[in-house]
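Student: Got a structure for you, questions after.
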Amino acid sequence: MAIAAGVAIVGCRPSPPPQSETLTPAPASPTDSAPETPAAQPTQAPAPTPAAPANTPTATLPNTLIREWQPLSNVLLAFGPMTLTPEQVQWSSGQVSPYTLISTEGGYLLELEARPSFYDTQNRYIKLIPKTDANTAESIEVAFYPDATQLQNDEYIMYGGYFAE
């Protein structure tokens with residue numbers, strides 16, 4: 001009877017459903033539980049900052065060039081010594097001009113605001129090409145350009161040298 005009672009109890013249990021119907025997904029691991037992030041949205045570039053005003057000095061001449069220079073070339077003797085200050089260039093023959101340093105490539109390119117005349121030609125630009133020895137400018141070559149076109153073509157109208165005393 002004990003055997004009959006055991007068979008009767010086992011027979012009353014519901015049979016487990018077939019394996020294929022009761023598959024439940026395995027619980028997600030902690031790394032899989034993060035919520036999905038939305039697709040990356042394109043970001044807008046930041047608005048450009050306004051350019052600095054044109055009168056803002058961006059570069060200055062080195063201190064080794066700020067001084068009086070004596071003419072070395074015959075073509076420059078008529079104009080006498082050239083004095084460079086942080087604000088202007090002046091020749092002893094009377095030409096004076098404030099300047100803006102516009103480039104330091106291959107020398108120091110200055111745009112002369114007053115466009116001084118030399119030999120009846122106005123010069124808008126001069127390029128200072130220092131000849132240095134141990135970071136001390138002993139002499140300087142100067143190319144004179146009447147306009148931007150000649151400057152771009154490196155067609156100077158006058159070229160000469162100065163030395164420091």
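Just so we're on the same page: first chain in the structure tokens is A, next is B, and so on; residues restart at 1 for each chain, and ligands are numbered from 1 in the order they show up.
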Name the residues in contact with Glu111 of chain A at a cut-off of 7 Å, using only C-alpha atoms, excluding same-chain residues fewer than 4 positions from it; report them as a VMD selection string.
Tutor: chain A and resid 99 to 102 124 to 126
Student: Restricting the calculation to only C-alpha atoms, which member of A:Tyr145, A:Trp69, A:Tyr156, A:Tyr162 is positioned closest to Pro116 of chain A?
Tutor: A:Tyr145
Student: Check the smallest atom-to-atom distance from each of A:Pro81, A:Pro130, A:Pro86, A:Gly106 to Leu61 of chain A using only C-alpha atoms, then report the winner.
Tutor: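 Result for the nearest residue to Leu61 of chain A: A:Pro86.
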Student: In Å, how far is it from atom CA of Thr64 of chain A to atom CA of Leu110 of chain A?
Tutor: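 Atom CA of Leu110 of chain A lies at a distance of 16.0 Å from atom CA of Thr64 of chain A.
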Student: Compare A:Ala148, A:Leu65, A:Ala137, A:Ala78 by their minimum atom-to-atom distance to Asn123 of chain A, counting only C-alpha atoms, and give me the closest one.
Tutor: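 Of the candidates, the smallest distance to Asn123 of chain A is held by A:Ala148.
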Student: Measuring between only C-alpha atoms, which one of A:Ser93, A:Thr85, A:Leu109, A:Asp120 shows the shortest distance to Glu141 of chain A?
Tutor: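 Closest residue, counting only C-alpha atoms: A:Leu109.
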Student: Need the shell around Tyr108 of chain A: protein/DNA/RNA residues with any atom at most 6 Å away, counting only C-alpha atoms. Skip same-chain ones fewer than 5 positions apart. Format as an mmCIF file with N, CA and C atoms, in the first residue's frame?
Tutor:
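Printed below is selection_18.cif as written:
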data_model
loop_
_atom_site.group_PDB
_atom_site.id
_atom_site.type_symbol
_atom_site.label_atom_id
_atom_site.label_comp_id
_atom_site.auth_asym_id
_atom_site.auth_seq_id
_atom_site.Cartn_x
_atom_site.Cartn_y
_atom_site.Cartn_z
ATOM 1 N N SER A 103 53.704 91.172 -40.522
ATOM 2 C CA SER A 103 54.232 89.824 -40.746
ATOM 3 C C SER A 103 55.632 89.727 -40.154
ATOM 4 N N LYS A 127 60.338 96.219 -45.337
ATOM 5 C CA LYS A 127 60.636 94.927 -44.715
ATOM 6 C C LYS A 127 62.016 95.030 -44.089
ATOM 7 N N LEU A 128 62.069 94.785 -42.794
ATOM 8 C CA LEU A 128 63.319 94.827 -42.038
ATOM 9 C C LEU A 128 63.861 93.413 -41.946
#
Student: Record the distance separating atom CA of Arg115 of chain A and atom CA of Gln95 of chain A, expressed in Å with one decimal.
Tutor: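 The value is 9.0 Å.
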Student: My list of candidates is A:Glu105, A:Asp133, A:Glu165, A:Glu68. Which is closest to Ser92 of chain A when distances are computed with only C-alpha atoms?
Tutor: A:Glu68
Student: Can you work out which one of A:Val89, A:Asp147, A:Met82, A:Thr104 has the shortest atom-to-atom distance to Gly160 of chain A, counting only C-alpha atoms?
Tutor: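 So, comparing all the options, the nearest one is A:Met82.
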